[in-house]
Each structure stands twice: as C-alpha cells, then as structure tokens.
$ cat model05.txt   # compact mmCIF, C-alpha atoms
# COMPACT_ATOMS: atom_id res chain seq x y z
CA MET P 1 -18.12 17.26 84.24
CA ILE P 2 -18.64 19.98 81.63
CA LYS P 3 -17.52 17.75 78.85
CA LYS P 4 -19.71 14.86 80.01
CA LYS P 5 -22.73 17.14 80.15
CA TRP P 6 -22.21 18.37 76.61
CA LEU P 7 -21.45 14.94 75.21
CA PHE P 8 -24.64 13.64 76.81
CA MET P 9 -26.55 16.48 75.16
CA LEU P 10 -24.91 15.61 71.85
CA PHE P 11 -26.04 12.00 72.07
CA MET P 12 -29.53 12.87 73.21
CA GLY P 13 -29.82 15.56 70.58
CA ALA P 14 -29.03 13.07 67.85
CA LEU P 15 -31.98 10.98 68.93
CA MET P 16 -34.41 13.70 69.88
CA THR P 17 -37.49 13.05 67.81
CA ALA P 18 -40.88 14.39 66.87
CA THR P 19 -43.53 13.26 64.44
CA THR P 20 -44.57 14.79 61.15
CA ALA P 21 -48.20 15.40 60.23
CA CYS P 22 -50.02 15.01 56.99
CA GLY P 23 -53.61 15.30 55.82
CA THR P 24 -56.08 18.13 56.03
CA GLY P 25 -56.62 18.43 59.78
CA GLY P 26 -59.72 19.59 61.61
CA SER P 27 -61.82 22.55 60.62
CA GLY P 28 -63.07 23.16 64.15
CA LYS P 29 -66.77 23.20 63.19
CA VAL P 30 -67.80 19.98 64.92
CA GLU P 31 -69.28 20.27 68.39
CA SER P 32 -69.79 16.99 70.23
CA LYS P 33 -70.69 18.18 73.71
CA GLU P 34 -71.60 21.24 75.72
CA LYS P 35 -69.16 23.25 77.75
CA GLN P 36 -68.62 22.06 81.29
CA THR P 37 -68.98 24.60 84.06
CA THR P 38 -68.18 24.59 87.75
CA LYS P 39 -70.68 25.34 90.51
CA GLY P 40 -69.33 28.85 90.50
CA GLY P 41 -70.10 29.25 86.81
CA LYS P 42 -66.52 28.98 85.54
CA THR P 43 -65.88 27.29 82.21
CA VAL P 44 -63.92 24.08 82.67
CA LEU P 45 -60.89 23.78 80.38
CA THR P 46 -59.07 20.43 80.50
CA LEU P 47 -55.44 19.80 79.61
CA SER P 48 -53.79 16.36 79.50
CA ILE P 49 -50.03 16.03 79.99
CA GLN P 50 -47.57 13.17 80.23
CA GLU P 51 -46.06 14.16 83.58
CA SER P 52 -46.56 17.10 85.90
CA ASN P 53 -43.72 19.50 86.71
CA PRO P 54 -43.26 22.98 88.23
CA PHE P 55 -43.80 24.66 84.85
CA TYR P 56 -47.34 23.33 84.58
CA GLN P 57 -48.10 24.28 88.18
CA ALA P 58 -46.95 27.86 87.61
CA LEU P 59 -48.72 28.04 84.25
CA GLU P 60 -52.04 26.92 85.73
CA LYS P 61 -51.81 29.41 88.58
CA LYS P 62 -50.99 32.39 86.38
CA PHE P 63 -53.47 31.46 83.64
CA GLU P 64 -56.37 31.25 86.11
CA ALA P 65 -55.30 34.55 87.66
CA LYS P 66 -55.56 36.21 84.25
CA TYR P 67 -58.79 34.40 83.32
CA PRO P 68 -60.73 34.00 86.60
CA ASN P 69 -63.79 32.76 84.68
CA ILE P 70 -61.87 29.69 83.45
CA ASP P 71 -61.06 26.66 85.59
CA LEU P 72 -57.99 25.02 84.03
CA GLN P 73 -57.91 21.37 85.06
CA ILE P 74 -54.62 19.62 84.29
CA LYS P 75 -54.76 15.84 84.06
CA SER P 76 -51.31 14.21 84.22
CA TYR P 77 -50.61 10.56 83.48
CA LYS P 78 -47.79 10.62 86.03
CA ASN P 79 -47.29 12.93 88.96
CA MET P 80 -44.02 14.78 89.33
CA GLY P 81 -41.31 12.38 90.51
CA GLU P 82 -43.49 9.30 90.11
CA LYS P 83 -41.53 6.31 88.84
CA TRP P 84 -42.08 5.10 85.28
CA GLU P 85 -42.30 1.31 85.22
CA PRO P 86 -41.53 -0.82 82.15
CA ASN P 87 -44.30 -0.49 79.53
CA ASP P 88 -45.76 2.58 81.28
CA TYR P 89 -44.88 4.80 78.35
CA GLU P 90 -46.60 2.49 75.86
CA LYS P 91 -49.65 2.36 78.12
CA TYR P 92 -49.70 6.16 78.25
CA LYS P 93 -49.52 6.43 74.46
CA LYS P 94 -52.25 3.83 73.96
CA THR P 95 -54.61 5.36 76.52
CA THR P 96 -54.14 8.91 75.28
CA ASN P 97 -54.29 7.88 71.63
CA THR P 98 -57.61 6.07 72.15
CA ALA P 99 -59.13 9.06 73.93
CA ILE P 100 -58.05 11.53 71.23
CA LEU P 101 -59.20 9.43 68.28
CA SER P 102 -62.56 8.74 69.94
CA GLY P 103 -63.15 12.44 70.57
CA LYS P 104 -63.26 11.84 74.33
CA GLY P 105 -59.93 13.40 75.14
CA THR P 106 -59.27 16.68 76.92
CA ASP P 107 -59.73 20.10 75.34
CA ILE P 108 -55.96 20.62 75.07
CA ILE P 109 -53.41 17.81 74.69
CA GLU P 110 -49.67 17.69 75.14
CA VAL P 111 -48.79 15.91 71.89
CA GLY P 112 -45.00 16.10 71.47
CA ASN P 113 -44.50 12.35 71.93
CA LEU P 114 -47.71 11.25 70.23
CA PRO P 115 -48.51 10.41 66.55
CA ILE P 116 -49.47 13.90 65.40
CA ASN P 117 -49.55 12.84 61.74
CA GLU P 118 -52.30 10.33 62.46
CA TYR P 119 -54.32 12.89 64.39
CA VAL P 120 -54.13 15.47 61.61
CA SER P 121 -54.95 12.99 58.88
CA LYS P 122 -57.99 11.86 60.86
CA GLN P 123 -59.01 15.49 61.49
CA VAL P 124 -59.11 15.30 65.27
CA LEU P 125 -56.90 18.36 65.90
CA LEU P 126 -57.88 21.98 65.40
CA ASN P 127 -56.16 24.00 62.69
CA MET P 128 -55.31 27.20 64.56
CA ASN P 129 -54.46 29.28 61.47
CA ASP P 130 -57.63 31.38 61.58
CA TYR P 131 -57.38 31.90 65.33
CA LEU P 132 -53.82 33.16 64.94
CA GLU P 133 -54.61 35.45 62.01
CA GLN P 134 -57.65 36.98 63.70
CA ASP P 135 -56.15 37.34 67.18
CA LYS P 136 -55.61 40.96 68.24
CA THR P 137 -53.95 40.26 71.58
CA LEU P 138 -50.69 38.82 70.26
CA ASN P 139 -47.84 41.03 69.10
CA LYS P 140 -47.01 38.87 66.09
CA SER P 141 -43.91 40.91 65.26
CA ASP P 142 -42.45 39.69 68.57
CA VAL P 143 -43.50 36.06 68.14
CA GLN P 144 -40.96 33.68 66.59
CA MET P 145 -43.17 33.11 63.56
CA GLY P 146 -40.30 31.33 61.80
CA VAL P 147 -40.65 28.56 64.36
CA LEU P 148 -44.44 28.33 64.11
CA ASN P 149 -44.35 28.43 60.30
CA ALA P 150 -41.60 25.80 60.15
CA MET P 151 -43.78 23.50 62.24
CA LYS P 152 -46.84 23.91 60.00
CA LEU P 153 -48.39 20.64 58.95
CA ASN P 154 -50.01 20.61 55.53
CA GLY P 155 -50.15 24.39 55.68
CA GLY P 156 -51.91 24.47 59.04
CA ILE P 157 -50.82 25.27 62.58
CA TYR P 158 -51.88 22.30 64.70
CA THR P 159 -49.40 22.56 67.55
CA VAL P 160 -47.85 25.38 69.57
CA PRO P 161 -44.64 24.67 71.49
CA SER P 162 -43.82 26.20 74.84
CA GLY P 163 -40.26 26.79 73.64
CA PHE P 164 -37.59 25.35 71.37
CA SER P 165 -33.95 24.26 71.25
CA LEU P 166 -31.44 24.50 68.40
CA ARG P 167 -29.12 21.91 66.88
CA ALA P 168 -25.73 23.59 66.64
CA PHE P 169 -22.49 22.64 64.90
CA ILE P 170 -19.47 24.31 66.45
CA GLY P 171 -15.91 24.60 65.18
CA ASP P 172 -12.56 25.71 66.60
CA GLY P 173 -12.51 29.31 65.40
CA ASP P 174 -8.76 29.71 65.93
CA VAL P 175 -7.97 26.78 63.62
CA LEU P 176 -10.51 27.93 61.03
CA LYS P 177 -9.15 31.48 61.11
CA ASN P 178 -5.49 30.59 60.79
CA THR P 179 -5.77 28.55 57.61
CA ASP P 180 -6.34 29.03 53.92
CA VAL P 181 -8.99 26.28 53.96
CA LYS P 182 -12.36 27.87 53.26
CA ILE P 183 -15.69 26.41 54.29
CA ASP P 184 -18.76 27.08 52.16
CA GLU P 185 -21.04 26.11 55.03
CA LYS P 186 -24.24 26.80 53.10
CA ASN P 187 -23.36 24.15 50.56
CA TRP P 188 -20.85 21.73 52.12
CA SER P 189 -21.59 18.00 52.14
CA TRP P 190 -20.25 15.34 54.49
CA LYS P 191 -17.79 14.38 51.76
CA ASP P 192 -16.58 18.01 51.74
CA PHE P 193 -16.40 17.87 55.53
CA GLY P 194 -14.08 14.84 55.37
CA GLU P 195 -11.72 16.47 52.88
CA ILE P 196 -11.69 19.81 54.69
CA SER P 197 -11.11 18.12 58.04
CA LYS P 198 -8.07 16.25 56.72
CA LYS P 199 -6.46 19.52 55.68
CA LEU P 200 -7.35 21.24 58.94
CA MET P 201 -6.02 18.34 60.99
CA GLN P 202 -2.70 18.45 59.14
CA ARG P 203 -2.29 22.13 59.88
CA ALA P 204 -3.58 21.96 63.46
CA GLY P 205 -1.46 18.88 64.24
CA LYS P 206 1.89 20.42 63.36
CA GLY P 207 3.93 20.79 66.54
CA ASN P 208 1.09 19.27 68.57
CA LYS P 209 2.03 16.08 70.43
CA ASP P 210 -1.62 15.05 70.85
CA GLN P 211 -3.68 13.58 68.02
CA ARG P 212 -6.45 15.88 66.85
CA TYR P 213 -9.73 14.67 65.39
CA ALA P 214 -12.49 16.38 63.48
CA LEU P 215 -15.14 14.53 65.51
CA ALA P 216 -14.77 12.46 68.67
CA ASN P 217 -16.59 10.66 71.48
CA ASN P 218 -19.23 8.87 69.40
CA PRO P 219 -19.18 5.58 67.44
CA PRO P 220 -20.02 5.63 63.71
CA ASP P 221 -23.56 4.29 64.18
CA VAL P 222 -24.42 7.26 66.41
CA ILE P 223 -22.87 9.68 63.90
CA LEU P 224 -25.04 8.07 61.21
CA GLN P 225 -28.14 8.43 63.35
CA GLU P 226 -27.40 12.10 63.85
CA MET P 227 -26.97 12.60 60.11
CA ILE P 228 -30.29 10.86 59.38
CA VAL P 229 -32.03 13.07 61.94
CA GLU P 230 -30.84 16.06 59.90
CA SER P 231 -31.83 14.58 56.51
CA TYR P 232 -34.83 12.47 57.48
CA THR P 233 -37.13 13.52 54.65
CA GLN P 234 -34.47 12.55 52.11
CA PHE P 235 -34.81 8.93 53.19
CA VAL P 236 -38.40 8.72 54.46
CA ASP P 237 -41.55 9.89 52.68
CA ILE P 238 -43.76 10.26 55.72
CA ALA P 239 -47.03 10.90 53.88
CA ALA P 240 -46.57 7.90 51.57
CA LYS P 241 -45.08 5.75 54.37
CA LYS P 242 -42.16 4.82 52.13
CA ALA P 243 -38.47 4.48 52.96
CA ASN P 244 -35.51 5.13 50.67
CA PHE P 245 -32.62 3.56 52.59
CA ASP P 246 -31.63 1.18 49.78
CA SER P 247 -30.62 4.20 47.70
CA PRO P 248 -27.06 4.99 46.51
CA ALA P 249 -27.17 8.17 48.62
CA PHE P 250 -27.62 6.24 51.87
CA VAL P 251 -24.98 3.65 50.95
CA GLU P 252 -22.56 6.46 50.13
CA LEU P 253 -23.32 8.18 53.44
CA MET P 254 -22.45 5.04 55.40
CA GLN P 255 -19.28 4.58 53.39
CA GLN P 256 -18.30 8.21 53.95
CA ILE P 257 -18.64 7.79 57.73
CA LYS P 258 -16.57 4.59 57.70
CA LYS P 259 -13.90 6.35 55.65
CA MET P 260 -13.71 9.15 58.24
CA PHE P 261 -13.12 6.59 61.00
CA ASP P 262 -10.66 4.55 58.91
CA GLU P 263 -8.64 7.70 58.16
CA LYS P 264 -8.84 8.77 61.83
CA ILE P 265 -10.71 11.93 60.95
CA ALA P 266 -13.28 10.77 63.50
CA THR P 267 -12.97 8.55 66.56
CA SER P 268 -15.37 6.97 69.00
CA ALA P 269 -12.80 7.38 71.78
CA PRO P 270 -12.99 10.33 74.16
CA ALA P 271 -10.89 13.31 73.13
CA ASP P 272 -9.63 15.91 75.54
CA ILE P 273 -11.01 19.41 75.22
CA GLY P 274 -8.99 21.13 72.51
CA ASN P 275 -8.23 17.90 70.64
CA GLN P 276 -11.24 17.95 68.36
CA LEU P 277 -11.99 20.49 65.65
CA PHE P 278 -15.79 20.26 65.61
CA TYR P 279 -18.63 19.06 67.80
CA SER P 280 -22.39 19.26 67.70
CA ALA P 281 -24.77 19.94 70.57
CA VAL P 282 -28.33 20.81 71.41
CA ILE P 283 -28.49 24.44 72.56
CA THR P 284 -31.42 24.76 74.95
CA SER P 285 -31.08 28.35 76.21
CA PRO P 286 -29.22 31.63 75.61
CA ALA P 287 -26.72 30.63 78.31
CA ASP P 288 -25.94 27.42 76.40
CA LEU P 289 -24.64 29.53 73.53
CA ILE P 290 -21.85 30.63 75.88
CA ASP P 291 -21.26 27.80 78.34
CA GLY P 292 -20.70 24.85 75.99
CA PRO P 293 -18.90 26.42 73.00
CA HIS P 294 -16.57 28.54 75.17
CA SER P 295 -15.77 25.58 77.39
CA PHE P 296 -14.64 23.58 74.35
CA PHE P 297 -12.90 26.35 72.40
CA ASP P 298 -11.34 29.72 73.21
CA ASN P 299 -12.82 31.08 70.01
CA PRO P 300 -15.83 28.95 69.01
CA LYS P 301 -17.47 29.43 65.64
CA LEU P 302 -21.09 28.46 65.07
CA LEU P 303 -21.58 26.82 61.68
CA LEU P 304 -24.32 25.26 59.59
CA ARG P 305 -23.97 21.48 59.63
CA PRO P 306 -22.76 19.65 56.53
CA HIS P 307 -25.79 18.49 54.57
CA ASP P 308 -26.39 16.05 51.73
CA GLY P 309 -29.52 16.84 49.77
CA GLN P 310 -31.63 18.31 52.55
CA ALA P 311 -32.76 21.90 52.84
CA THR P 312 -30.22 24.45 53.97
CA GLY P 313 -30.95 27.41 56.18
CA GLY P 314 -30.83 28.20 59.85
CA MET P 315 -30.19 25.78 62.67
CA ARG P 316 -32.66 22.92 63.13
CA ILE P 317 -35.50 23.56 65.54
CA ILE P 318 -36.27 21.02 68.27
CA PRO P 319 -39.59 22.01 69.86
CA SER P 320 -40.15 21.72 73.59
CA THR P 321 -43.56 20.65 74.88
CA GLN P 322 -46.16 20.92 72.10
CA PHE P 323 -49.83 21.62 72.70
CA ALA P 324 -52.80 20.95 70.42
CA ILE P 325 -56.55 21.60 70.68
CA GLN P 326 -58.99 18.75 70.11
CA VAL P 327 -61.29 19.61 67.21
CA LYS P 328 -64.39 18.42 69.11
CA SER P 329 -63.63 20.52 72.16
CA PRO P 330 -66.64 22.68 73.10
CA ALA P 331 -64.25 25.16 74.73
CA LYS P 332 -62.17 26.06 71.68
CA ASP P 333 -62.25 29.79 72.43
CA GLU P 334 -61.02 29.19 75.97
CA ALA P 335 -58.41 26.76 74.64
CA TRP P 336 -57.14 29.44 72.26
CA LYS P 337 -56.87 31.83 75.21
CA PHE P 338 -54.55 29.25 76.76
CA MET P 339 -52.44 29.25 73.60
CA THR P 340 -52.18 33.04 73.54
CA PHE P 341 -51.28 33.03 77.23
CA LEU P 342 -48.60 30.44 76.48
CA LEU P 343 -47.17 32.94 73.97
CA SER P 344 -47.38 35.86 76.39
CA GLU P 345 -44.38 37.46 78.08
CA GLU P 346 -45.71 36.33 81.46
CA ALA P 347 -45.74 32.64 80.50
CA GLN P 348 -42.62 32.75 78.34
CA SER P 349 -40.67 34.28 81.24
CA LEU P 350 -41.54 31.49 83.68
CA GLN P 351 -38.37 30.14 85.23
CA ASP P 352 -39.24 26.47 84.72
CA ARG P 353 -40.16 26.78 81.02
CA ALA P 354 -37.70 24.78 78.90
CA GLY P 355 -35.91 26.04 75.80
CA PHE P 356 -35.59 29.35 73.99
CA SER P 357 -38.61 31.59 74.17
CA LEU P 358 -41.24 31.94 71.43
CA LEU P 359 -40.88 35.70 71.98
CA LYS P 360 -37.92 37.53 70.47
CA SER P 361 -37.98 40.11 73.26
CA VAL P 362 -37.57 37.49 76.01
CA ASN P 363 -34.58 35.88 74.25
CA GLU P 364 -33.02 39.27 73.59
CA LYS P 365 -33.40 40.34 77.22
CA MET P 366 -31.72 37.16 78.44
CA LEU P 367 -28.85 37.61 75.99
CA ASN P 368 -28.48 41.28 76.92
CA ASP P 369 -28.30 40.37 80.60
CA ILE P 370 -25.58 37.80 79.87
CA GLN P 371 -23.72 40.30 77.69
CA GLU P 372 -23.63 42.85 80.52
CA LYS P 373 -22.29 40.23 82.93
CA VAL P 374 -19.62 39.22 80.41
CA LYS P 375 -18.54 42.84 79.97
CA SER P 376 -18.24 43.30 83.72
CA GLY P 377 -16.32 40.03 84.13
CA ALA P 378 -19.06 38.59 86.34
CA TYR P 379 -20.12 35.80 83.97
CA LYS P 380 -18.33 32.54 84.72
CA LEU P 381 -18.22 29.42 82.58
CA PRO P 382 -19.14 26.09 84.20
CA ASN P 383 -15.41 25.39 84.64
CA GLY P 384 -15.06 28.57 86.69
CA ASN P 385 -13.21 30.58 84.05
CA THR P 386 -14.30 34.09 83.15
CA ALA P 387 -16.21 34.10 79.86
CA LYS P 388 -14.70 36.13 77.03
CA VAL P 389 -17.36 36.69 74.40
CA SER P 390 -17.25 39.46 71.81
CA ASP P 391 -20.15 41.78 70.99
CA GLU P 392 -20.06 40.36 67.47
CA GLU P 393 -20.83 36.91 68.86
CA PHE P 394 -23.87 38.21 70.70
CA THR P 395 -25.09 39.86 67.50
CA GLN P 396 -24.66 36.52 65.71
CA PHE P 397 -26.51 34.68 68.49
CA LYS P 398 -29.55 36.94 68.09
CA GLN P 399 -29.52 36.52 64.32
CA LEU P 400 -29.29 32.73 64.60
CA ILE P 401 -32.18 32.49 67.04
CA ASN P 402 -34.43 34.79 65.03
CA SER P 403 -33.63 33.09 61.71
CA ALA P 404 -34.30 29.53 62.93
CA ASP P 405 -36.68 28.02 60.39
CA GLN P 406 -35.61 24.41 59.81
CA TYR P 407 -37.76 21.70 61.36
CA ALA P 408 -37.16 18.03 60.63
CA SER P 409 -40.02 15.88 61.85
CA LEU P 410 -39.16 12.24 62.26
CA ASP P 411 -39.92 8.93 63.92
CA GLY P 412 -37.53 7.80 66.65
CA LYS P 413 -38.13 4.12 65.89
CA VAL P 414 -36.73 4.60 62.38
CA ILE P 415 -33.62 6.31 63.79
CA TYR P 416 -33.20 3.37 66.20
CA ILE P 417 -33.40 0.83 63.35
CA VAL P 418 -30.76 2.74 61.36
CA GLY P 419 -28.37 2.72 64.30
CA GLU P 420 -28.96 -0.89 65.26
CA GLU P 421 -28.54 -2.37 61.78
CA SER P 422 -25.62 -0.16 60.70
CA ILE P 423 -23.34 -1.57 63.42
CA SER P 424 -22.80 -4.73 61.34
CA PHE P 425 -21.42 -2.60 58.48
CA PHE P 426 -19.15 -0.46 60.60
CA SER P 427 -17.80 -3.61 62.31
CA GLY P 428 -17.01 -5.19 58.92
CA GLN P 429 -19.55 -8.02 59.18
CA LYS P 430 -21.76 -6.94 56.26
CA SER P 431 -21.47 -4.74 53.19
CA ALA P 432 -23.06 -1.30 53.03
CA GLU P 433 -25.49 -2.58 50.37
CA GLU P 434 -26.59 -5.51 52.57
CA VAL P 435 -27.18 -3.25 55.57
CA ALA P 436 -29.05 -0.71 53.45
CA LYS P 437 -31.45 -3.46 52.30
CA LEU P 438 -31.97 -4.66 55.88
CA ILE P 439 -32.76 -1.13 57.06
CA GLN P 440 -35.05 -0.63 54.05
CA ASN P 441 -37.00 -3.81 54.80
CA ARG P 442 -37.35 -3.14 58.53
CA THR P 443 -38.42 0.47 58.14
CA THR P 444 -40.86 -0.38 55.37
CA ILE P 445 -42.56 -2.99 57.57
CA TYR P 446 -42.60 -0.61 60.54
CA LEU P 447 -43.96 2.38 58.60
CA ASN P 448 -46.86 0.30 57.27
CA GLU P 449 -47.85 -1.40 60.51
$ encode --input "model05.txt" --output "structure tokens"
Amino acid sequence: MIKKKWLFMLFMGALMTATTACGTGGSGKVESKEKQTTKGGKTVLTLSIQESNPFYQALEKKFEAKYPNIDLQIKSYKNMGEKWEPNDYEKYKKTTNTAILSGKGTDIIEVGNLPINEYVSKQVLLNMNDYLEQDKTLNKSDVQMGVLNAMKLNGGIYTVPSGFSLRAFIGDGDVLKNTDVKIDEKNWSWKDFGEISKKLMQRAGKGNKDQRYALANNPPDVILQEMIVESYTQFVDIAAKKANFDSPAFVELMQQIKKMFDEKIATSAPADIGNQLFYSAVITSPADLIDGPHSFFDNPKLLLRPHDGQATGGMRIIPSTQFAIQVKSPAKDEAWKFMTFLLSEEAQSLQDRAGFSLLKSVNEKMLNDIQEKVKSGAYKLPNGNTAKVSDEEFTQFKQLINSADQYASLDGKVIYIVGEESISFFSGQKSAEEVAKLIQNRTTIYLNE
C-alpha cells in the first residue's frame, strides 16, 4: 500500500500543472462598483472557489471572527462531495473565465486551474506588490518569500497560495555512499544520469540475485512528461506562444530515455522496494519527507533532479490553492486583509490546509515535533517500522524547504500532447524526428487557439 501511494503521487506529480502569466497586470486603480454591505453594516467580501471543503469552512469562520465587520461570502461551483459530471470542469472554467474577464466576478478568485496568463495580460487581476511592501501586519522574515517571489508574474505578485508542495528526487544513500561514483547534482544532465546509473547498478548488483534499476514503475512516455514538466520553458515560450519541440535538444531527450529503457537502466515494470536506485515524488508535508523516502530506502538521500538546460536551484515548487484579487473589486482593502489572514499563523496552522506552510515557523514546528517523536522511538513509518532519521537529515529538510525557489509554470494540455505522441517513438513505430515534428505542430496549433 505504501508503495502504491507513492507511485501514484509520482505519476500525479509529473502531471501537476499550473499556468504562467505574462503582461503588465492590473494597477488596482479602477473602481467599477460600490462596496456591498449587509443590513448590519458589514462589508461583503466575495470569494469564488471550484469546490468547497473543510479548509474553506474553517477559514471563513476564523476570518470573520478576526474581522467581525466583514462578511466573507464563499461561492463554490460544486459543494463538498458533489459529483463532477463529464464536461462539468469545462463549464466551470468557461463560466468563471467569462465572469472574471467581464469584471463581474467575485472580489477574490481561486485561480490555480484557470488561465492566469490571460488574466494578467488583460489587466483583470490586482498586482499585490505595493500591498505586500506597505503591509505592517505581516512578519515578512517568517514568510516564505522565496515561494512568493518565484511565483511572480512579470515582476508582480498576482496570486498567493495557501501552501505548496515540493518535487523531490530521492536516491539510495547506502549505494551512493559506498561507491567511488560522484554525482555533481547541481550540474548533472539526464545523459550523465544514464552513465552514472549504469556504474551504480553494476556495483549494487554484485551478489544481488534481483535485478536493480535506476528508475522503475513508469513507462518512457510518463518519464518524458515528467522531464518536460521540469524543463517546460526550454521548450515552450509562453509569452510568445511558441513551441520548440522540433529542436535537437528535445529529440536527444527522447533518444536518451529510450536508451535508458533499452539498456535496462529504467523499466516500466514494478520493482520491489530496494530494487531501484532512484525515484521521484511530490512531497506535500513535513511528514512526507520521512514517510516516503524512509519506506523506500534505509538511508535516503534527497538530490536535485538531473536537468538539461533549465535553471538549477532548490526543489521545484508546486503551489496549492492560489488566490487572486479582481482589479475591479471595490473591496480591495478587505480582500488584502483576507490575503494577510491566509498568511497568518492561525490560518497556516489549520488542519485541513494542504501542503507546506507559507510560514517558516509553522514548518519548523512540525518538523521539530516529528524529530522529537523520532528520538523517542514513537514515530512510526506507514509500514509500521520505527523511523530512524538523523538530526543531520532534519537540518537538511529545513534548508530545502526554506531555499525552495524554483517554479515552473506550464500548461497541462501541452504535457498531455507530449505523452500521447511520444508513445509511437518509444514503441518503434516512428522516428524521434517524426514525433518531434508532430508534437511541434500540435502544440503550436493549441497554443495559438
């Protein structure tokens, strides 16, 4: 069950998407309507969301308790647990998109699955830079500013996430330690990964009756999708709406993946725990830093992923729910109060909030609590074993979380096209060059629709 959970997270993480913004964004000076008030004189603040859940319910209750003069009205497209029928999601996007672009949407919008780039280019979202700089209530030294700055669009802050996850690459620390093979993780490419893995597999396989693999459990098209997620801007110019999949770099990337499968460095077949040298996963909470890696390996080592041409740095950020303020909202000051409350310890500590916290102190407290349980032997892994995690690992965890500053915005439809078309190359039906041209043509048409 543990393995299935983490492999599911791996697959989902490879396809987790967001959208990039471009353009100048809204200045916040346009007022299209007067503030709404209740009979009791409270200012009405509206928030639209895709689907209600316990987090929103708790957030509304606590926000109104702190600001009794504001009536937060949450409008959800679907109620919690309500079934999504075919085409419902497209209807939701179309309805919400029309309202936002017409200036008739709510004061605050949940925008994580909506075309943020279009909204910013058409100046319908508020640039919150000035609000953040002038705010005296936030302890900015405690806020994960690396996350907010990484998510800036054209130099402006247009969205604030409720939390974030991290894309991790994890290796078998025992194998890596007991070898003369050195990994320059800040600079290694996927070609380097293939060569290094061959050497590691030779050493790790000696005296081992079971075949070991560098990567397992996913077919080559999914591996390719995951790689494109990490290097999206190398192949797609979002602002210019141009694709670059017919480039030698993309052809070489496909060929490199096929070579890894041909040489049995990677396999799409399931591999037992302990029979693969590396795996990648989406880490959604401090506990995930322990549960997954230590269930796979006795001595896991967190690494930077191999990268070909894209920016290096910390682990990639995957934002949780993102909120934006409509530029024509008459209640911008109240909407900003919502944003600051979202970044408060009270909101960030809510049990149902997803992802790592936007406050360093909240993440550190959670890690410290886990560390104390580990030291006392009370912390159990999902498989029931007692977790053995060194103090050095906890120090590394804190550094990794606080240094997260890589954010790759992308379009999920493009990732889907890459995966769908690449299957014909990996199955031997078409050449890499033919597939690259097909992907180039399809993405070009899609990006310019």
$ residues_around --input "model05.txt" --residues "region 358-360 of chain P" --least-positions-apart "4" --cutoff "10 Å" --atoms "all atoms listed in the file" --output "mmCIF file with C-alpha atoms, in the frame of the given file"
data_model
loop_
_atom_site.group_PDB
_atom_site.id
_atom_site.type_symbol
_atom_site.label_atom_id
_atom_site.label_comp_id
_atom_site.auth_asym_id
_atom_site.auth_seq_id
_atom_site.Cartn_x
_atom_site.Cartn_y
_atom_site.Cartn_z
ATOM 1 C CA ASN P 139 -47.840 41.030 69.100
ATOM 2 C CA LYS P 140 -47.010 38.870 66.090
ATOM 3 C CA SER P 141 -43.910 40.910 65.260
ATOM 4 C CA ASP P 142 -42.450 39.690 68.570
ATOM 5 C CA VAL P 143 -43.500 36.060 68.140
ATOM 6 C CA GLN P 144 -40.960 33.680 66.590
ATOM 7 C CA MET P 145 -43.170 33.110 63.560
ATOM 8 C CA GLY P 146 -40.300 31.330 61.800
ATOM 9 C CA VAL P 147 -40.650 28.560 64.360
ATOM 10 C CA LEU P 148 -44.440 28.330 64.110
ATOM 11 C CA VAL P 160 -47.850 25.380 69.570
ATOM 12 C CA PRO P 161 -44.640 24.670 71.490
ATOM 13 C CA SER P 162 -43.820 26.200 74.840
ATOM 14 C CA GLY P 163 -40.260 26.790 73.640
ATOM 15 C CA PHE P 164 -37.590 25.350 71.370
ATOM 16 C CA LEU P 342 -48.600 30.440 76.480
ATOM 17 C CA LEU P 343 -47.170 32.940 73.970
ATOM 18 C CA SER P 344 -47.380 35.860 76.390
ATOM 19 C CA GLU P 345 -44.380 37.460 78.080
ATOM 20 C CA GLN P 348 -42.620 32.750 78.340
ATOM 21 C CA SER P 349 -40.670 34.280 81.240
ATOM 22 C CA GLU P 364 -33.020 39.270 73.590
ATOM 23 C CA LYS P 365 -33.400 40.340 77.220
ATOM 24 C CA LYS P 398 -29.550 36.940 68.090
ATOM 25 C CA ILE P 401 -32.180 32.490 67.040
ATOM 26 C CA ASN P 402 -34.430 34.790 65.030
#
$ residues_around --input "model05.txt" --residues "Leu253 (chain P)" --least-positions-apart "3" --cutoff "8 Å" --atoms "only C-alpha atoms" --output "VMD selection string"
chain P and resid 190 224 249 to 250 256 to 257
$ closest_residue --input "model05.txt" --among "P:Ala347, P:Leu59, P:Val327, P:Ile439" --to "Val120 (chain P)" --atoms "all atoms listed in the file"
P:Val327
$ closest_residue --input "model05.txt" --among "P:Ile170, P:Leu367, P:Ala239, P:Ala404" --to "Glu118 (chain P)" --atoms "all atoms listed in the file"
P:Ala239
$ closest_residue --input "model05.txt" --among "P:Val229, P:Leu125, P:Ala243, P:Ile273" --to "Val111 (chain P)" --atoms "only C-alpha atoms"
P:Leu125
$ residues_around --input "model05.txt" --residues "Tyr446 (chain P)" --least-positions-apart "5" --cutoff "10 Å" --atoms "only C-alpha atoms" --output "list of chain:residue names"
P:Lys241, P:Lys413, P:Val414, P:Ile417, P:Gln440, P:Asn441
$ closest_residue --input "model05.txt" --among "P:Gly103, P:Leu350, P:Gln50, P:Ser121" --to "Tyr89 (chain P)" --atoms "all atoms listed in the file"
P:Gln50
